[in-house]
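S.K.: Sharing coords28.txt (compact mmCIF, C-alpha atoms) below.
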# COMPACT_ATOMS: atom_id res chain seq x y z
CA MET A 162 108.35 92.68 75.70
CA ILE A 163 108.09 96.12 77.33
CA ILE A 164 109.62 94.87 80.56
CA LEU A 165 112.58 93.42 78.63
CA ILE A 166 113.10 96.69 76.76
CA GLY A 167 113.06 98.64 80.01
CA SER A 168 115.59 96.26 81.59
CA ILE A 169 117.89 96.59 78.60
CA VAL A 170 117.70 100.39 78.82
CA VAL A 171 118.67 100.26 82.51
CA VAL A 172 121.63 97.95 81.84
CA VAL A 173 122.90 99.83 78.79
CA CYS A 174 122.63 103.26 80.36
CA VAL A 175 124.11 102.37 83.77
CA PHE A 176 126.98 100.18 82.60
CA GLY A 177 127.46 102.13 79.38
CA GLY A 178 127.89 105.34 81.36
CA PHE A 179 130.38 103.57 83.61
CA VAL A 180 132.46 102.47 80.63
CA ILE A 181 132.30 105.91 79.00
CA GLY A 182 133.58 107.39 82.26
CA GLY A 183 136.66 105.18 82.00
CA GLY A 184 135.54 102.20 84.07
CA HIS A 185 136.12 98.54 83.28
CA LEU A 186 133.18 96.13 83.46
CA GLY A 187 135.39 93.41 84.92
CA ALA A 188 135.80 95.53 88.04
CA LEU A 189 132.07 95.14 88.74
CA TRP A 190 132.01 91.36 88.46
CA HIS A 191 132.22 89.86 91.95
CA ILE A 192 130.23 86.64 92.21
CA ASN A 193 130.45 86.62 96.01
CA GLU A 194 128.66 89.99 96.16
CA LEU A 195 125.86 88.69 93.92
CA ILE A 196 125.45 85.60 96.10
CA ILE A 197 125.23 87.67 99.29
CA ILE A 198 122.79 90.22 97.91
CA GLY A 199 120.66 87.99 95.67
CA GLY A 200 120.63 85.04 98.04
CA GLY A 201 119.87 87.17 101.07
CA ALA A 202 116.99 88.93 99.31
CA LEU A 203 115.58 85.66 97.98
CA GLY A 204 115.77 84.09 101.43
CA GLY A 205 114.00 87.06 102.99
CA LEU A 206 111.30 86.89 100.33
CA ILE A 207 110.70 83.20 101.08
CA VAL A 208 110.58 83.83 104.83
CA MET A 209 107.90 86.52 104.54
CA SER A 210 105.70 84.79 101.94
CA PRO A 211 103.10 82.03 102.34
CA LYS A 212 103.21 79.38 99.61
CA LYS A 213 100.20 80.82 97.77
CA VAL A 214 101.81 84.26 97.59
CA LEU A 215 105.00 82.76 96.14
CA VAL A 216 102.99 80.88 93.50
CA ASP A 217 100.98 84.00 92.65
CA MET A 218 104.21 85.98 92.39
CA VAL A 219 105.63 83.56 89.83
CA LYS A 220 102.39 83.72 87.84
CA GLY A 221 102.46 87.51 88.02
CA PHE A 222 106.03 87.58 86.76
CA LEU A 223 105.08 85.43 83.77
CA VAL A 224 102.18 87.77 83.00
CA CYS A 225 104.62 90.71 83.09
CA LEU A 226 106.82 88.98 80.51
CA LYS A 227 103.85 88.29 78.23
CA GLY A 228 102.74 91.91 78.25
CA ARG A 229 99.38 93.60 78.75
CA PRO A 230 96.81 90.84 79.38
CA TYR A 231 93.62 92.82 78.70
CA ASP A 232 93.63 94.97 75.59
CA ARG A 233 90.76 96.46 73.62
CA ALA A 234 90.19 93.25 71.64
CA ALA A 235 89.78 91.30 74.88
CA TYR A 236 87.11 93.71 76.10
CA GLU A 237 85.29 93.68 72.77
CA GLU A 238 85.08 89.88 72.97
CA LEU A 239 83.91 90.11 76.58
CA LEU A 240 81.09 92.51 75.69
CA LYS A 241 80.00 90.19 72.89
CA VAL A 242 79.80 87.09 75.07
CA LEU A 243 77.92 88.98 77.78
CA TYR A 244 75.45 90.35 75.26
CA GLU A 245 74.78 86.91 73.76
CA LEU A 246 74.21 85.41 77.21
CA PHE A 247 71.89 88.23 78.24
CA LEU A 248 70.01 88.00 74.97
CA LEU A 249 69.49 84.28 75.49
CA GLY A 250 68.32 84.83 79.07
CA ARG A 251 65.91 87.58 78.07
CA ARG A 252 64.28 85.70 75.18
CA ASN A 253 64.27 82.11 76.44
CA GLY A 254 64.19 82.69 80.17
CA MET A 255 67.01 82.55 82.72
CA ILE A 256 66.76 78.76 82.84
CA ALA A 257 68.20 78.73 79.31
CA LEU A 258 71.51 79.94 80.77
CA GLU A 259 71.78 77.00 83.14
CA GLU A 260 73.62 74.68 80.75
CA HIS A 261 76.23 77.36 80.04
CA VAL A 262 76.71 78.34 83.68
CA LEU A 263 76.76 74.86 85.23
CA GLU A 264 79.00 73.33 82.54
CA PRO A 265 81.02 76.21 81.04
CA GLN A 266 83.52 73.77 79.53
CA ASN A 267 80.73 72.53 77.25
CA SER A 268 79.13 75.91 76.52
CA SER A 269 78.64 76.55 72.83
CA ILE A 270 78.52 80.29 73.51
CA PHE A 271 81.80 80.43 75.43
CA LYS A 272 83.56 78.36 72.79
CA ARG A 273 82.69 80.96 70.16
CA TYR A 274 84.87 83.41 72.03
CA PRO A 275 88.24 81.64 72.45
CA ARG A 276 90.07 84.43 74.25
CA PHE A 277 87.42 84.71 76.93
CA TYR A 278 87.00 80.93 77.10
CA ALA A 279 90.74 80.51 77.75
CA ASN A 280 90.52 82.83 80.76
CA LYS A 281 89.31 80.25 83.29
CA HIS A 282 89.26 82.78 86.13
CA ALA A 283 86.96 85.16 84.24
CA VAL A 284 84.70 82.31 83.10
CA GLU A 285 84.38 81.09 86.69
CA PHE A 286 83.63 84.60 87.95
CA LEU A 287 80.93 85.12 85.32
CA CYS A 288 79.30 81.76 86.03
CA ASN A 289 79.36 82.37 89.79
CA SER A 290 77.77 85.77 89.18
CA LEU A 291 74.94 84.37 87.05
CA ARG A 292 74.20 81.28 89.14
CA PRO A 293 72.34 83.09 91.98
CA ILE A 294 70.15 84.85 89.40
CA ILE A 295 69.28 81.59 87.67
CA ASP A 296 68.51 79.90 90.98
CA GLY A 297 66.37 82.84 92.09
CA LYS A 298 68.00 82.79 95.52
CA ILE A 299 69.01 86.42 95.55
CA LYS A 300 67.49 89.80 94.78
CA PRO A 301 69.17 92.06 92.20
CA ASP A 302 70.14 94.65 94.81
CA GLN A 303 71.79 91.92 96.90
CA LEU A 304 73.86 90.69 93.95
CA ARG A 305 75.95 93.86 93.92
CA LEU A 306 76.95 93.32 97.55
CA LEU A 307 77.83 89.70 96.80
CA LEU A 308 80.08 90.62 93.88
CA ASP A 309 81.67 93.55 95.69
CA THR A 310 82.67 91.20 98.51
CA GLU A 311 84.30 88.77 96.09
CA LEU A 312 86.11 91.57 94.23
CA ALA A 313 87.44 92.98 97.51
CA ARG A 314 88.85 89.57 98.40
CA LEU A 315 90.45 89.20 94.97
CA GLU A 316 91.98 92.65 95.30
CA GLN A 317 93.67 91.64 98.54
CA GLU A 318 95.02 88.48 96.91
CA HIS A 319 96.35 90.45 93.95
CA HIS A 320 98.06 92.96 96.21
CA ALA A 321 99.85 90.40 98.42
CA PRO A 322 102.59 89.36 95.92
CA VAL A 323 103.15 93.00 94.95
CA HIS A 324 103.54 93.99 98.60
CA VAL A 325 106.05 91.20 99.26
CA LEU A 326 108.05 92.00 96.12
CA SER A 327 108.12 95.70 97.03
CA LYS A 328 109.39 94.84 100.51
CA THR A 329 112.11 92.72 98.93
CA GLY A 330 113.08 95.56 96.62
CA ASP A 331 113.28 97.95 99.57
CA ALA A 332 115.52 95.46 101.39
CA LEU A 333 118.04 95.09 98.55
CA PRO A 334 120.04 98.26 99.37
CA GLY A 335 120.32 96.91 102.93
CA PHE A 336 121.70 93.61 101.64
CA GLY A 337 124.09 95.68 99.51
CA ILE A 338 125.35 97.30 102.71
CA VAL A 339 125.72 93.84 104.28
CA ALA A 340 127.85 92.79 101.31
CA ALA A 341 129.89 95.99 101.62
CA VAL A 342 130.48 95.46 105.34
CA LEU A 343 131.61 91.89 104.73
CA GLY A 344 133.91 93.22 102.02
CA ILE A 345 135.45 95.65 104.50
CA VAL A 346 135.97 92.75 106.92
CA ILE A 347 137.90 90.93 104.20
CA THR A 348 139.84 94.13 103.50
CA MET A 349 140.84 94.56 107.13
CA ALA A 350 141.96 90.95 107.28
CA SER A 351 144.40 91.62 104.44
CA ILE A 352 145.46 95.12 105.51
CA SER A 353 149.10 94.07 105.71
CA GLY A 354 149.11 92.79 102.14
CA PRO A 355 149.97 94.58 98.89
CA ILE A 356 148.24 97.90 98.28
CA GLU A 357 146.76 96.53 95.02
CA LYS A 358 144.98 93.77 96.91
CA ILE A 359 143.61 96.19 99.48
CA GLY A 360 142.28 98.42 96.71
CA GLU A 361 140.66 95.43 95.02
CA HIS A 362 138.89 94.42 98.23
CA VAL A 363 137.63 97.97 98.87
CA ALA A 364 136.33 98.17 95.30
CA ALA A 365 134.52 94.86 95.74
CA ALA A 366 132.89 96.17 98.93
CA LEU A 367 131.67 99.29 97.13
CA VAL A 368 130.32 97.16 94.28
CA GLY A 369 128.09 95.40 96.83
CA THR A 370 126.42 98.69 97.74
CA PHE A 371 126.07 99.59 94.07
CA LEU A 372 124.48 96.28 93.09
CA GLY A 373 121.98 96.38 95.95
CA ILE A 374 120.75 99.82 94.95
CA LEU A 375 120.71 98.99 91.23
CA MET A 376 118.76 95.76 91.70
CA SER A 377 116.25 97.55 93.94
CA TYR A 378 115.47 100.67 91.93
CA GLY A 379 116.35 99.37 88.49
CA PHE A 380 114.61 96.00 88.47
CA VAL A 381 112.72 94.66 91.51
CA ASN A 382 110.63 97.73 92.47
CA PRO A 383 109.71 98.52 88.83
CA LEU A 384 108.72 94.86 88.40
CA ALA A 385 106.49 95.11 91.48
CA MET A 386 104.79 98.19 90.00
CA ASN A 387 104.26 96.37 86.70
CA MET A 388 102.63 93.49 88.58
CA GLU A 389 100.43 96.03 90.37
CA PHE A 390 99.18 97.43 87.06
CA ASN A 391 98.53 93.93 85.69
CA GLY A 392 96.61 92.99 88.82
CA GLU A 393 94.48 96.12 88.51
CA ALA A 394 93.87 95.31 84.84
CA GLU A 395 92.48 91.90 85.77
CA LEU A 396 90.30 93.41 88.49
CA ASP A 397 88.97 95.99 86.02
CA TYR A 398 88.07 93.13 83.67
CA LEU A 399 86.13 91.39 86.43
CA ARG A 400 84.51 94.67 87.50
CA CYS A 401 83.23 95.06 83.95
CA ILE A 402 81.62 91.63 84.19
CA ALA A 403 80.11 92.49 87.58
CA ALA A 404 78.68 95.79 86.31
CA CYS A 405 77.05 94.16 83.28
CA VAL A 406 75.61 91.24 85.25
CA THR A 407 74.16 93.43 88.00
CA GLY A 408 72.66 95.73 85.37
CA PHE A 409 71.02 92.80 83.61
CA ALA A 410 69.80 91.34 86.91
CA SER A 411 68.22 94.71 87.72
CA GLY A 412 66.03 94.47 84.64
CA MET A 413 68.09 96.34 82.05
CA ALA A 414 67.82 95.30 78.43
CA PRO A 415 70.85 93.28 77.22
CA ILE A 416 72.22 96.16 75.16
CA THR A 417 71.82 98.57 78.08
CA ALA A 418 73.52 96.19 80.53
CA VAL A 419 76.48 95.84 78.17
CA GLU A 420 76.54 99.60 77.67
CA LEU A 421 76.86 99.95 81.45
CA GLY A 422 80.03 97.87 81.35
CA ARG A 423 81.37 99.78 78.34
CA ARG A 424 81.08 103.12 80.08
CA GLY A 425 83.19 101.87 82.97
CA LEU A 426 86.20 101.18 80.73
CA SER A 427 89.17 103.48 80.34
CA THR A 428 89.28 105.55 77.16
CA ASP A 429 92.00 103.45 75.50
CA LEU A 430 89.97 100.25 75.97
CA ARG A 431 86.43 101.54 75.44
CA PRO A 432 84.77 101.16 72.04
CA SER A 433 82.48 103.99 71.05
CA ALA A 434 78.71 103.57 71.28
CA GLU A 435 78.57 103.25 67.50
CA GLU A 436 81.32 100.62 67.47
CA LEU A 437 79.56 98.67 70.21
CA GLU A 438 76.28 98.73 68.29
CA ALA A 439 78.05 97.52 65.14
CA MET A 440 79.79 94.71 67.07
CA LEU A 441 76.57 93.43 68.61
CA LYS A 442 74.33 93.91 65.59
CA GLY A 443 74.96 90.48 64.08
CA ILE A 444 74.70 88.52 67.35
CA LYS A 445 71.55 86.46 67.73
CA VAL A 446 70.30 83.92 70.24
CA GLY A 447 72.34 80.74 70.00
CA GLY A 448 74.52 82.35 67.33
CA LYS A 449 71.84 81.71 64.73
Would you mind giving the structure from this file in structure tokens?
M.R.:
Amino acid sequence: MIILIGSIVVVVCVFGGFVIGGGHLGALWHINELIIIGGGALGGLIVMSPKKVLVDMVKGFLVCLKGRPYDRAAYEELLKVLYELFLLGRRNGMIALEEHVLEPQNSSIFKRYPRFYANKHAVEFLCNSLRPIIDGKIKPDQLRLLLDTELARLEQEHHAPVHVLSKTGDALPGFGIVAAVLGIVITMASISGPIEKIGEHVAAALVGTFLGILMSYGFVNPLAMNMEFNGEAELDYLRCIAACVTGFASGMAPITAVELGRRGLSTDLRPSAEELEAMLKGIKVGGK
């Protein structure tokens, strides 16, 4: 919703100011300019992007339209599911977590937290983080290195679509100049015609420059920044999981391991210590 509001503000202010200044919106409508600029930018984006980056870019755009993916309620649910898992592992042994980690789609614990359960990426990350502990194949101090490596790889994958989209946004003014130059070519070809026609062609050429700049700084580059923030939000969510799991693997009590994750959250997402204690107070092993 926020991204739509911002786009409306850009359109209303830019074109509204043009009309107030005495301009006519019809003078800005040149479909050939849009084809040159939009098509050229889209083609360049496709040329520079592997298939996976294009797919991730589409997914990122859909996330931008939906709004902030990880709010305070999402983190509160995450802390609850982590605490219940840690509590189960501490009281019944780490082997008790095996059924939840190996078959998360059938986990009774995960199903009690629908928002977390619906986030397949987070569920997979959590299960992959707990599996080495259950198997006993890794020491607690080695787990941190393992998770840091995976998070670094995910960060690179998150950044790739943003980088490509930013490059495309930076290229749009250039495509606007291309459209303007082509408009001047058309103008020169009709230089012997009526003065009205020549003026119309010059105006169309200038519109090309205008549209390229507007699309770049009004829409594409802001969208890339929004995708950057959303990607960082997802990484922060996974970092919270990693911090809690490594704390638990190091021997921390379940409540302390969850507290470690809580303290790493930003102030607008972090429940207070009292709120966390109240949230976790009624949770028992197996939900009983």
S.K.: Find the residues around segment 266-270 of chain A up to 10 Å (only C-alpha atoms counted), leave out those fewer than 4 positions away in its own chain, and share them as an MDAnalysis selection string.
M.R.: chainID A and resid 242:243 245:246 258:262 274:275 278 281 284 446:448
S.K.: Those same residues, written as an mmCIF file, in the coordinates of the input with C-alpha atoms?
M.R.:
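Once written, selection.cif looks like this:
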data_model
loop_
_atom_site.group_PDB
_atom_site.id
_atom_site.type_symbol
_atom_site.label_atom_id
_atom_site.label_comp_id
_atom_site.auth_asym_id
_atom_site.auth_seq_id
_atom_site.Cartn_x
_atom_site.Cartn_y
_atom_site.Cartn_z
ATOM 1 C CA VAL A 242 79.800 87.090 75.070
ATOM 2 C CA LEU A 243 77.920 88.980 77.780
ATOM 3 C CA GLU A 245 74.780 86.910 73.760
ATOM 4 C CA LEU A 246 74.210 85.410 77.210
ATOM 5 C CA LEU A 258 71.510 79.940 80.770
ATOM 6 C CA GLU A 259 71.780 77.000 83.140
ATOM 7 C CA GLU A 260 73.620 74.680 80.750
ATOM 8 C CA HIS A 261 76.230 77.360 80.040
ATOM 9 C CA VAL A 262 76.710 78.340 83.680
ATOM 10 C CA TYR A 274 84.870 83.410 72.030
ATOM 11 C CA PRO A 275 88.240 81.640 72.450
ATOM 12 C CA TYR A 278 87.000 80.930 77.100
ATOM 13 C CA LYS A 281 89.310 80.250 83.290
ATOM 14 C CA VAL A 284 84.700 82.310 83.100
ATOM 15 C CA VAL A 446 70.300 83.920 70.240
ATOM 16 C CA GLY A 447 72.340 80.740 70.000
ATOM 17 C CA GLY A 448 74.520 82.350 67.330
#
S.K.: Name the residues in contact with Ala365 of chain A at a cut-off of 9 Å, using all atoms listed in the file, excluding same-chain residues fewer than 4 positions from it; report them as number ranges by chain.
M.R.: A: 188-191, 194, 340-341, 344-345, 360-361, 369
S.K.: Need the neighbours of (74.9, 95.3, 70.0): which residues are at most 10 Å away, counting all atoms listed in the file, as a list of chain:residue names?
M.R.: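 Checking each residue against the 10 Å limit leaves A:Leu240, A:Lys241, A:Tyr244, A:Glu245, A:Pro415, A:Ile416, A:Thr417, A:Val419, A:Glu420, A:Ala434, A:Glu435, A:Glu436, A:Leu437, A:Glu438, A:Ala439, A:Met440, A:Leu441, A:Lys442, A:Gly443, A:Ile444, A:Lys445.
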S.K.: Residues of the last selection are to be written out with C-alpha atoms, as a tab-separated table (two decimals), in the frame of the given file.
M.R.:
chain	number	residue	atom	x	y	z
A	240	LEU	CA	81.09	92.51	75.69
A	241	LYS	CA	80.00	90.19	72.89
A	244	TYR	CA	75.45	90.35	75.26
A	245	GLU	CA	74.78	86.91	73.76
A	415	PRO	CA	70.85	93.28	77.22
A	416	ILE	CA	72.22	96.16	75.16
A	417	THR	CA	71.82	98.57	78.08
A	419	VAL	CA	76.48	95.84	78.17
A	420	GLU	CA	76.54	99.60	77.67
A	434	ALA	CA	78.71	103.57	71.28
A	435	GLU	CA	78.57	103.25	67.50
A	436	GLU	CA	81.32	100.62	67.47
A	437	LEU	CA	79.56	98.67	70.21
A	438	GLU	CA	76.28	98.73	68.29
A	439	ALA	CA	78.05	97.52	65.14
A	440	MET	CA	79.79	94.71	67.07
A	441	LEU	CA	76.57	93.43	68.61
A	442	LYS	CA	74.33	93.91	65.59
A	443	GLY	CA	74.96	90.48	64.08
A	444	ILE	CA	74.70	88.52	67.35
A	445	LYS	CA	71.55	86.46	67.73
S.K.: Sort by chain and increasing residue number a table of all residues of segment 302-418 of chain A within 9 Å of segment 211-227 of chain A, each with its closest pair of atoms and their distance in Å to one decimal, counting only C-alpha atoms, and write it as a tab-separated table.
M.R.:
residue	atom	partner	partner_atom	distance
A:Glu318	CA	A:Val214	CA	8.0
A:His319	CA	A:Asp217	CA	8.0
A:Ala321	CA	A:Val214	CA	6.5
A:Pro322	CA	A:Met218	CA	5.1
A:Val323	CA	A:Met218	CA	7.5
A:Val325	CA	A:Val214	CA	8.3
A:Leu326	CA	A:Met218	CA	8.1
A:Leu384	CA	A:Cys225	CA	7.9
A:Ala385	CA	A:Phe222	CA	8.9
A:Asn387	CA	A:Cys225	CA	6.7
A:Met388	CA	A:Gly221	CA	6.0
A:Asn391	CA	A:Cys225	CA	7.4
A:Gly392	CA	A:Gly221	CA	8.1
S.K.: My list of candidates is A:Gly412, A:Gly199, A:Pro301, A:Gly187. Which is closest to Gly250 of chain A when distances are computed with only C-alpha atoms?
M.R.: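 Looking at the shortest contact to Gly250 of chain A, the residue is A:Gly412.
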S.K.: What does the distance between atom CA of Gly184 of chain A and atom CA of Ala202 of chain A come to in Å, to one decimal place?
M.R.: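 Separation between atom CA of Gly184 of chain A and atom CA of Ala202 of chain A: 27.4 Å.
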S.K.: Counting all atoms listed in the file, select every polymer residue within 8 Å of (93.0, 97.8, 75.1) as defined in the file's coordinates, and provide the selection as a ChimeraX atom specification.
M.R.: /A:231-236,429-431
S.K.: Can you measure atom CA of Gly337 of chain A to atom CA of Ile198 of chain A for me? One decimal in Å is fine.
M.R.: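 Answer for the atom CA of Gly337 of chain A to atom CA of Ile198 of chain A separation: 5.8 Å.
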S.K.: Could you check how far atom CA of Lys328 of chain A sits from atom CA of Gly201 of chain A, in Å to one decimal?
M.R.: 13.0 Å
S.K.: Just the residues within 12 Å of Gly379 of chain A, please, counting all atoms listed in the file, with nothing from its chain fewer than 5 positions along; format it as a VMD selection string.
M.R.: chain A and resid 164 167 to 175 330 to 331 333 to 334 371 to 374 384 to 386
S.K.: Check the smallest atom-to-atom distance from each of A:Ser353, A:Ile359, A:Arg292, A:Leu396 to Glu311 of chain A using all atoms listed in the file, then report the winner.
M.R.: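 Distance minimum relative to Glu311 of chain A lands on A:Leu396.
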S.K.: Counting all atoms listed in the file, which residue out of A:Met376, A:Ala313, A:Leu263, A:Arg276 sits closest to Leu291 of chain A?
M.R.: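 Ranking A:Met376, A:Ala313, A:Leu263, A:Arg276 by distance to Leu291 of chain A, first place goes to A:Leu263.
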S.K.: Counting all atoms listed in the file, which residue out of A:Ala394, A:Leu186, A:Leu239, A:Ile197 sits closest to Pro432 of chain A?
M.R.: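 Ranking A:Ala394, A:Leu186, A:Leu239, A:Ile197 by distance to Pro432 of chain A, first place goes to A:Leu239.
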S.K.: Could you give me, as a PDB file with C-alpha atoms, keeping the file's coordinate frame, the residues within 10 Å of Leu421 of chain A, counting all atoms listed in the file and dropping anything in the same chain fewer than 6 positions from it?
M.R.:
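Now in around_17.pdb:
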ATOM      1  CA  CYS A 401      83.230  95.060  83.950  1.00  0.00           C
ATOM      2  CA  ILE A 402      81.620  91.630  84.190  1.00  0.00           C
ATOM      3  CA  ALA A 404      78.680  95.790  86.310  1.00  0.00           C
ATOM      4  CA  CYS A 405      77.050  94.160  83.280  1.00  0.00           C
ATOM      5  CA  VAL A 406      75.610  91.240  85.250  1.00  0.00           C
ATOM      6  CA  THR A 407      74.160  93.430  88.000  1.00  0.00           C
ATOM      7  CA  GLY A 408      72.660  95.730  85.370  1.00  0.00           C
ATOM      8  CA  PHE A 409      71.020  92.800  83.610  1.00  0.00           C
ATOM      9  CA  MET A 413      68.090  96.340  82.050  1.00  0.00           C
ATOM     10  CA  PRO A 415      70.850  93.280  77.220  1.00  0.00           C
TER      11      PRO A 415
END
